[in-house]
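Here's the structure, in structure tokens; my notes come after.
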Amino acid sequence: MRETKIDVPFRSTLSLNPLLDFWRNNISPKCSYMAEMFNEFEQRIQQIPELEGSIEDPSMLKEHRDLLMPLMSVIFPASSWETEIVGALVPFSAIAFYTSPMFQRLLIADDGSLKGFSKDNQGGPRKSRALRAYFLILKKIYGLDQELETPVIQIVPDPETGLDRYFQLSPDLQFIDVYPIGKPKKLSKNDRQTIIDNLTDFKVLSRFINLDKFEFKGFTFIRAVDVTESEVIAALQTDLIDQESIFSADGFQRVLKQIRTLFGRPDLMAAIGAIQGDKVLVIKDGSPSAVNCMFTNSKHIPLADVKGSVWLDAVEQATTLRISDLRAKANLSLIEQDAFNHGVRSLLISPLFYQGKVIGFLHIVSTRPNDLGPFDEMLVQQIAPLFSVALKRGIDDMSNEAQAIIKEKCTAVHPVVEWRFRDAAFQHMDRVRMGQSSEMEPIIFKDLIPFFAQSDIRGSSEARNKSIQADLTDQLKLAKKIMHRASDVKDWPLLQEYTFRIDRRIDSLNSGIASDDEVAISSFLKNEIEVTFADIVGFGPRVSQAIENYKKAIDPNVGVVYRKRRAFEDSVSLLNERLSAYLEEEAAKAQAFLPHYFEKHQTDGLDYVIYAGASIMRNGNISTFHIQNLRLWQLMVACGMAWHTEQVKTELEVPLDTCQLILTSNTPLSIRFRYDEKRFDVDGAYDIRHEIIKSRLDKALVKGSRERLTQPGKLAIVYSQPEDGREMHRHIDFLKSTGYLCDDLEFIDIEDLSGVRGLKALRVGIDFTEHNQVKLPALDDSVAVSRQSSAAR
């Protein structure tokens, strides 16, 4: 609800009468000694007329402090006079006339008024004073005892540090008397209930009570409590809800100001480190101080640069570290030495957790040695969870932003290389945030070993053409029957011409199908034959039945006879689905053993490419063992693809078979992401040769013959380097011993291809007996057995 602006005049004056009444009614009757004191006070006050009744000038009380102090002792105990923050003010004003030393030092300005401002800067203090005035009238005039529990938070600059301090002011109005001016308005039972139901509604209260008709005399006793810690932590919690509070320089500057206020040190510096893989994203305010130049002024730094430092010690030990003096630490790491060179002496480093996992750290530093102590350590532990939640949300938001950039620039990205794209996206985001023009940096992976394999459906083009040929012939014959029956009824020459043209197309199809026959014949039937049906359907039941048979044979989705083509497409789809599911399952197993880039293509059959190497992995570790293991896996998968083809043959409407081909090479190459085409491609003229070989192998012939290299039931392995052939020969020997390959290995020279010469191949039969149905050995066991087989041979 929007707060109503209040501007109500108060008739309020300072008076000691309520205090004297308190002595008279509450103190004197209980203690004769105190009663004697009070009698003396009253006699002295009677001799000082300006202290009786309303006191127009509060400053004159300074002259009578010797009298005021004992009178006020019932409110301001001597035992807490030096430690408590208490004071007495003119009713409903900010003018103090009697205060404890701490109240005077912290809260009173030179002119005697309260320092600082209320936390609520939208009329809150005025509203609060008005409500208390209403409640005081209700209590003392109408007997309705209501209290305003909401405290006042006063924000005051600390006289020593200049930082804001927060004080909760709790007013006590028991020493204020209320005097009606004239006869007060009577309140009925319904009026009282209406007031109780609307205690904070000024429009309702003003209908029954006119503040201008009352006068307030006495003083307000105020007790102040330092609530800086709780208020700043609450403010931090509010500010950290906003991602920009830590991920923008201005936002982090506000957070830094609150940290300085919380710790009571105006020159503290702070930063957050977000751990992202092998990098640390450093978040700070961007101000030009020397201390803020740590981490080489970079937003992203390698995690390796923090190794062996107090920052990573805090992360690895999952505990807050307090360094009293960095200078006293032995064997400073490079980054610690850099921090010391920039003036850092005291440090507090707290790891930031999310769901039990360390996601970063918060560090607070001072240029003074021994400046941060145990209580500061407790404070940083108290606020660390707030920063943890803010950092996790900010990282998630940044990740989503990076993902959006990747999606825009690169579409889908393979999970194994996504880390590299995310790094590039984060760097791009950093440059944009700093106002620099930016494009995504080149993504290149070097020194990768390529793996290529193909499971091609043999004769798929011929089978597709035969299905087209059969469907077109069937549709033409149905059309011919319509023309014949129509000619039997009406001897029209045009019907005979249509029959002639149909026969000619049938004869042409019997001798083969040309590339444009499908479109031309479909157009002829639709635009010339089918348009006559409306004219001849009335020729009799035999003609109408023939037309009905023609229409029933038409596939409603494509508008032509599509039975054979549908059977072919369904057979290809079923075979591809079975092979694809098997390949995806096996690829996931290989991915778990050795992360690599995998890309699959599906047309009439399947082919896939794999790139494996250290540069594609974030940790950069790979060995020859891993590459050999993946080679053996590739051979096993080729056997599995052939075996699954055999198993699915009985389910196919159109007989189909596959040929297995592998291109092997241990020569490293580089791949580059093409942003314009949104895909990876080999990088460099030499590496393109591998792509050329891939594109031309499916039509490769055995040298000196017309025989295709790839054959159903056989596995062909193409290589150019002798050592590559020897490695694959070793793996073949092992797979022969397990019963997956036949003992019919051929060594083949390949006919020169366009632009490619000197290729060789190994070709071996795939064993489809019961042995091939046994589960393949585990990848690591397979390599060991393969090596043993090679040694025995």
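Identifiers in this document derive from the order of the structure tokens: chains are assigned A, B, ..., residues are numbered from 1 separately in each chain, and ligands are numbered from 1 in order of occurrence.
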Apply DSSP to the backbone of this structure and, from range 358-565 of chain A, keep only the residues in strand (DSSP E or B); write these as a ChimeraX atom specification. /A:358-366,444-458
With N, CA, C and O atoms retained, export the selected residues as a compact mmCIF listing (two decimals), in the first residue's frame.
```txt
# COMPACT_ATOMS: atom_id res chain seq x y z
N VAL A 358 32.64 -26.47 -3.53
CA VAL A 358 33.27 -25.15 -3.58
C VAL A 358 33.13 -24.58 -4.99
O VAL A 358 33.52 -25.22 -5.98
N ILE A 359 32.55 -23.39 -5.09
CA ILE A 359 32.37 -22.75 -6.39
C ILE A 359 33.23 -21.49 -6.53
O ILE A 359 33.28 -20.90 -7.61
N GLY A 360 33.89 -21.09 -5.44
CA GLY A 360 34.72 -19.89 -5.53
C GLY A 360 35.19 -19.47 -4.15
O GLY A 360 35.19 -20.26 -3.20
N PHE A 361 35.60 -18.22 -4.04
CA PHE A 361 36.05 -17.70 -2.75
C PHE A 361 35.77 -16.20 -2.68
O PHE A 361 35.65 -15.51 -3.70
N LEU A 362 35.63 -15.73 -1.44
CA LEU A 362 35.51 -14.30 -1.15
C LEU A 362 36.77 -13.90 -0.39
O LEU A 362 37.13 -14.56 0.59
N HIS A 363 37.44 -12.87 -0.85
CA HIS A 363 38.60 -12.42 -0.08
C HIS A 363 38.46 -10.94 0.27
O HIS A 363 37.93 -10.15 -0.50
N ILE A 364 38.91 -10.63 1.49
CA ILE A 364 38.90 -9.27 2.01
C ILE A 364 40.33 -8.95 2.45
O ILE A 364 40.94 -9.75 3.17
N VAL A 365 40.87 -7.84 1.98
CA VAL A 365 42.28 -7.54 2.24
C VAL A 365 42.43 -6.14 2.81
O VAL A 365 41.63 -5.24 2.56
N SER A 366 43.52 -5.99 3.58
CA SER A 366 43.87 -4.70 4.15
C SER A 366 45.35 -4.44 3.88
O SER A 366 46.16 -5.36 3.79
N ILE A 444 40.00 -23.47 -32.64
CA ILE A 444 40.85 -24.40 -33.39
C ILE A 444 41.38 -25.46 -32.42
O ILE A 444 41.86 -25.12 -31.33
N PHE A 445 41.26 -26.70 -32.82
CA PHE A 445 41.86 -27.81 -32.06
C PHE A 445 42.95 -28.43 -32.92
O PHE A 445 42.69 -28.86 -34.05
N LYS A 446 44.17 -28.47 -32.37
CA LYS A 446 45.32 -28.94 -33.15
C LYS A 446 45.73 -30.34 -32.73
O LYS A 446 45.39 -30.81 -31.64
N ASP A 447 46.49 -30.99 -33.63
CA ASP A 447 47.11 -32.30 -33.35
C ASP A 447 46.09 -33.35 -32.93
O ASP A 447 46.23 -34.04 -31.93
N LEU A 448 45.03 -33.46 -33.73
CA LEU A 448 43.99 -34.45 -33.47
C LEU A 448 44.16 -35.65 -34.40
O LEU A 448 44.55 -35.50 -35.57
N ILE A 449 43.87 -36.84 -33.89
CA ILE A 449 43.89 -38.06 -34.70
C ILE A 449 42.49 -38.29 -35.24
O ILE A 449 41.53 -38.36 -34.46
N PRO A 450 42.34 -38.43 -36.58
CA PRO A 450 41.01 -38.62 -37.15
C PRO A 450 40.62 -40.10 -37.22
O PRO A 450 41.46 -40.98 -37.42
N PHE A 451 39.35 -40.36 -37.05
CA PHE A 451 38.76 -41.69 -37.21
C PHE A 451 37.54 -41.53 -38.11
O PHE A 451 36.67 -40.70 -37.84
N PHE A 452 37.48 -42.34 -39.18
CA PHE A 452 36.33 -42.27 -40.08
C PHE A 452 35.86 -43.68 -40.39
O PHE A 452 36.68 -44.59 -40.62
N ALA A 453 34.55 -43.86 -40.38
CA ALA A 453 33.98 -45.16 -40.74
C ALA A 453 32.65 -44.94 -41.43
O ALA A 453 31.98 -43.92 -41.20
N GLN A 454 32.28 -45.92 -42.25
CA GLN A 454 31.07 -45.81 -43.04
C GLN A 454 30.38 -47.16 -43.10
O GLN A 454 31.03 -48.20 -43.27
N SER A 455 29.07 -47.14 -42.91
CA SER A 455 28.24 -48.34 -43.11
C SER A 455 27.23 -47.97 -44.19
O SER A 455 26.16 -47.43 -43.91
N ASP A 456 27.59 -48.27 -45.43
CA ASP A 456 26.83 -47.80 -46.59
C ASP A 456 25.86 -48.87 -47.06
O ASP A 456 26.20 -50.06 -47.12
N ILE A 457 24.63 -48.49 -47.39
CA ILE A 457 23.66 -49.43 -47.94
C ILE A 457 24.01 -49.67 -49.40
O ILE A 457 23.92 -48.76 -50.24
N ARG A 458 24.41 -50.90 -49.70
CA ARG A 458 24.83 -51.24 -51.05
C ARG A 458 23.62 -51.27 -51.99
O ARG A 458 22.59 -51.86 -51.68
```
Please list as a PyMOL selection string every residue within 12 Å of Ser100 in chain A, counting only C-alpha atoms and excluding residues in the same chain fewer than 3 positions away. chain A and resi 69+72-73+75-88+96-97+103-108+221-224
For the contact check between range 143-234 of chain A and range 379-399 of chain A, emit one row per residue of range 143-234 of chain A within 10 Å, containing the shortest atom pair and the distance in Å rounded to one decimal, counting only C-alpha atoms, chain then rising number order, as JSON lines.
```
{"residue": "A:Glu229", "atom": "CA", "partner": "A:Leu379", "partner_atom": "CA", "distance": 8.8}
{"residue": "A:Val232", "atom": "CA", "partner": "A:Ile383", "partner_atom": "CA", "distance": 10.0}
{"residue": "A:Ile233", "atom": "CA", "partner": "A:Ile383", "partner_atom": "CA", "distance": 6.9}
{"residue": "A:Ala234", "atom": "CA", "partner": "A:Leu386", "partner_atom": "CA", "distance": 9.9}
```
Selected residues, C-alpha atoms, written as a PDB file, in the first residue's frame, please.
```pdb
ATOM      1  CA  GLU A 229      25.884  -5.564  11.648  1.00  0.00           C
ATOM      2  CA  VAL A 232      24.294  -4.248   6.682  1.00  0.00           C
ATOM      3  CA  ILE A 233      23.885  -8.022   6.407  1.00  0.00           C
ATOM      4  CA  ALA A 234      20.201  -7.497   5.553  1.00  0.00           C
TER       5      ALA A 234
END
```
List the neighbours of range 752-757 of chain A out to 10 Å using only C-alpha atoms; skip same-chain residues closer than 5 positions along the sequence, and give me the result as a ChimeraX atom specification. /A:689-690,692-693,696-697,699-703,720
Give me the residues near Lys600 in chain A as a list in words, where near means some atom within 7 Å (using only C-alpha atoms) and where sequence neighbours in that chain fewer than 4 positions away do not count. Asp607, Tyr608 and Val609 of chain A
Next, dump the selected residues to file, keeping only C-alpha atoms, as a compact mmCIF listing (two decimals), in the first residue's frame.
```txt
# COMPACT_ATOMS: atom_id res chain seq x y z
CA ASP A 607 29.02 -42.60 -41.48
CA TYR A 608 30.79 -40.97 -38.57
CA VAL A 609 33.93 -39.02 -37.87
```
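The gap separating CA of Leu211 in chain A from CA of Tyr134 in chain A is 7.4 Å, in Å to one decimal.
Proximity to Leu635 in chain A was assessed for A:Arg674, A:Arg618, A:His601, A:His729 counting only C-alpha atoms; the smallest distance is recorded for A:His729.
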Test item: residues at most 10 Å from Thr150 in chain A, only C-alpha atoms, excluding those fewer than 2 positions along its chain, as a PyMOL selection string: chain A and resi 128+147-148+152-153+168-170
Write the residues of the preceding selection, restricted to N, CA and C atoms, as a compact mmCIF listing (two decimals), in the first residue's frame.
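Written output follows (part_35.txt):
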```txt
# COMPACT_ATOMS: atom_id res chain seq x y z
N SER A 128 5.85 8.19 11.62
CA SER A 128 6.06 7.53 12.91
C SER A 128 5.71 8.48 14.06
N GLU A 147 0.41 0.61 21.25
CA GLU A 147 1.84 0.94 21.14
C GLU A 147 2.29 0.75 19.70
N LEU A 148 3.18 1.62 19.25
CA LEU A 148 3.80 1.49 17.93
C LEU A 148 5.13 0.77 18.11
N VAL A 152 12.78 3.04 14.97
CA VAL A 152 13.34 3.97 13.99
C VAL A 152 14.81 3.62 13.81
N ILE A 153 15.23 3.47 12.54
CA ILE A 153 16.64 3.19 12.24
C ILE A 153 17.27 4.48 11.75
N GLN A 168 19.29 1.67 16.11
CA GLN A 168 17.86 1.49 16.33
C GLN A 168 17.43 2.36 17.50
N LEU A 169 16.56 3.33 17.22
CA LEU A 169 16.08 4.25 18.25
C LEU A 169 14.73 3.77 18.77
N SER A 170 14.65 3.56 20.08
CA SER A 170 13.40 3.11 20.70
C SER A 170 12.87 4.21 21.61
```
Nearest-residue call for Asn39 in chain A, choices A:Phe214, A:Trp23, A:Phe208, A:Phe252, using only C-alpha atoms: A:Trp23
Please provide the set of residues having any atom within 10 Å of Val489 in chain A, restricted to only C-alpha atoms, with same-chain residues fewer than 6 positions apart removed, written as a PyMOL selection string. chain A and resi 536+539-540+542-543
If you run DSSP on the backbone, which residues of range 130-190 of chain A are helix (DSSP H, G or I), as an NGL selection string? :A and (130-140 or 189-190)
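Between CA of Leu509 in chain A and CA of Ser461 in chain A the interatomic distance comes to 16.1 Å.
The closest residue to Gly277 in chain A, picked from A:Asn619, A:Gln258, A:Asn629, A:Asn331 and counting only C-alpha atoms, is A:Asn619.
The shortest atom-to-atom distance to Pro541 in chain A, with only C-alpha atoms taken into account, belongs to A:Ala486 out of A:Ala486, A:Met429, A:Ala35, A:Ile272.
Computed from the coordinates, the CA of Ile616 in chain A to CA of Leu630 in chain A distance equals 15.4 Å.
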Give me, as an mmCIF file with N, CA and C atoms, in the first residue's frame, all polymer residues having an atom no more than 7 Å from Thr710 in chain A, counting only C-alpha atoms and skipping those fewer than 2 positions away in the same chain.
```
data_model
loop_
_atom_site.group_PDB
_atom_site.id
_atom_site.type_symbol
_atom_site.label_atom_id
_atom_site.label_comp_id
_atom_site.auth_asym_id
_atom_site.auth_seq_id
_atom_site.Cartn_x
_atom_site.Cartn_y
_atom_site.Cartn_z
ATOM 1 N N CYS A 659 27.760 -52.284 -46.480
ATOM 2 C CA CYS A 659 29.197 -52.493 -46.657
ATOM 3 C C CYS A 659 29.931 -51.652 -45.616
ATOM 4 N N GLN A 660 30.935 -52.244 -44.962
ATOM 5 C CA GLN A 660 31.645 -51.570 -43.874
ATOM 6 C C GLN A 660 33.006 -51.073 -44.370
ATOM 7 N N LEU A 661 33.275 -49.784 -44.093
ATOM 8 C CA LEU A 661 34.525 -49.164 -44.540
ATOM 9 C C LEU A 661 35.122 -48.346 -43.409
ATOM 10 N N ARG A 708 34.325 -53.348 -56.839
ATOM 11 C CA ARG A 708 34.232 -52.347 -55.780
ATOM 12 C C ARG A 708 35.032 -52.822 -54.576
ATOM 13 N N PRO A 712 29.357 -56.316 -49.394
ATOM 14 C CA PRO A 712 28.544 -56.778 -48.260
ATOM 15 C C PRO A 712 29.216 -57.960 -47.556
ATOM 16 N N ALA A 716 36.365 -53.329 -45.103
ATOM 17 C CA ALA A 716 37.503 -52.773 -45.837
ATOM 18 C C ALA A 716 38.139 -51.661 -45.000
#
```
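When only C-alpha atoms are used to compute distances to Ile506 in chain A, the closest of the residues A:Gln469, A:Asn17, A:Asn26, A:Asn557 turns out to be A:Gln469.
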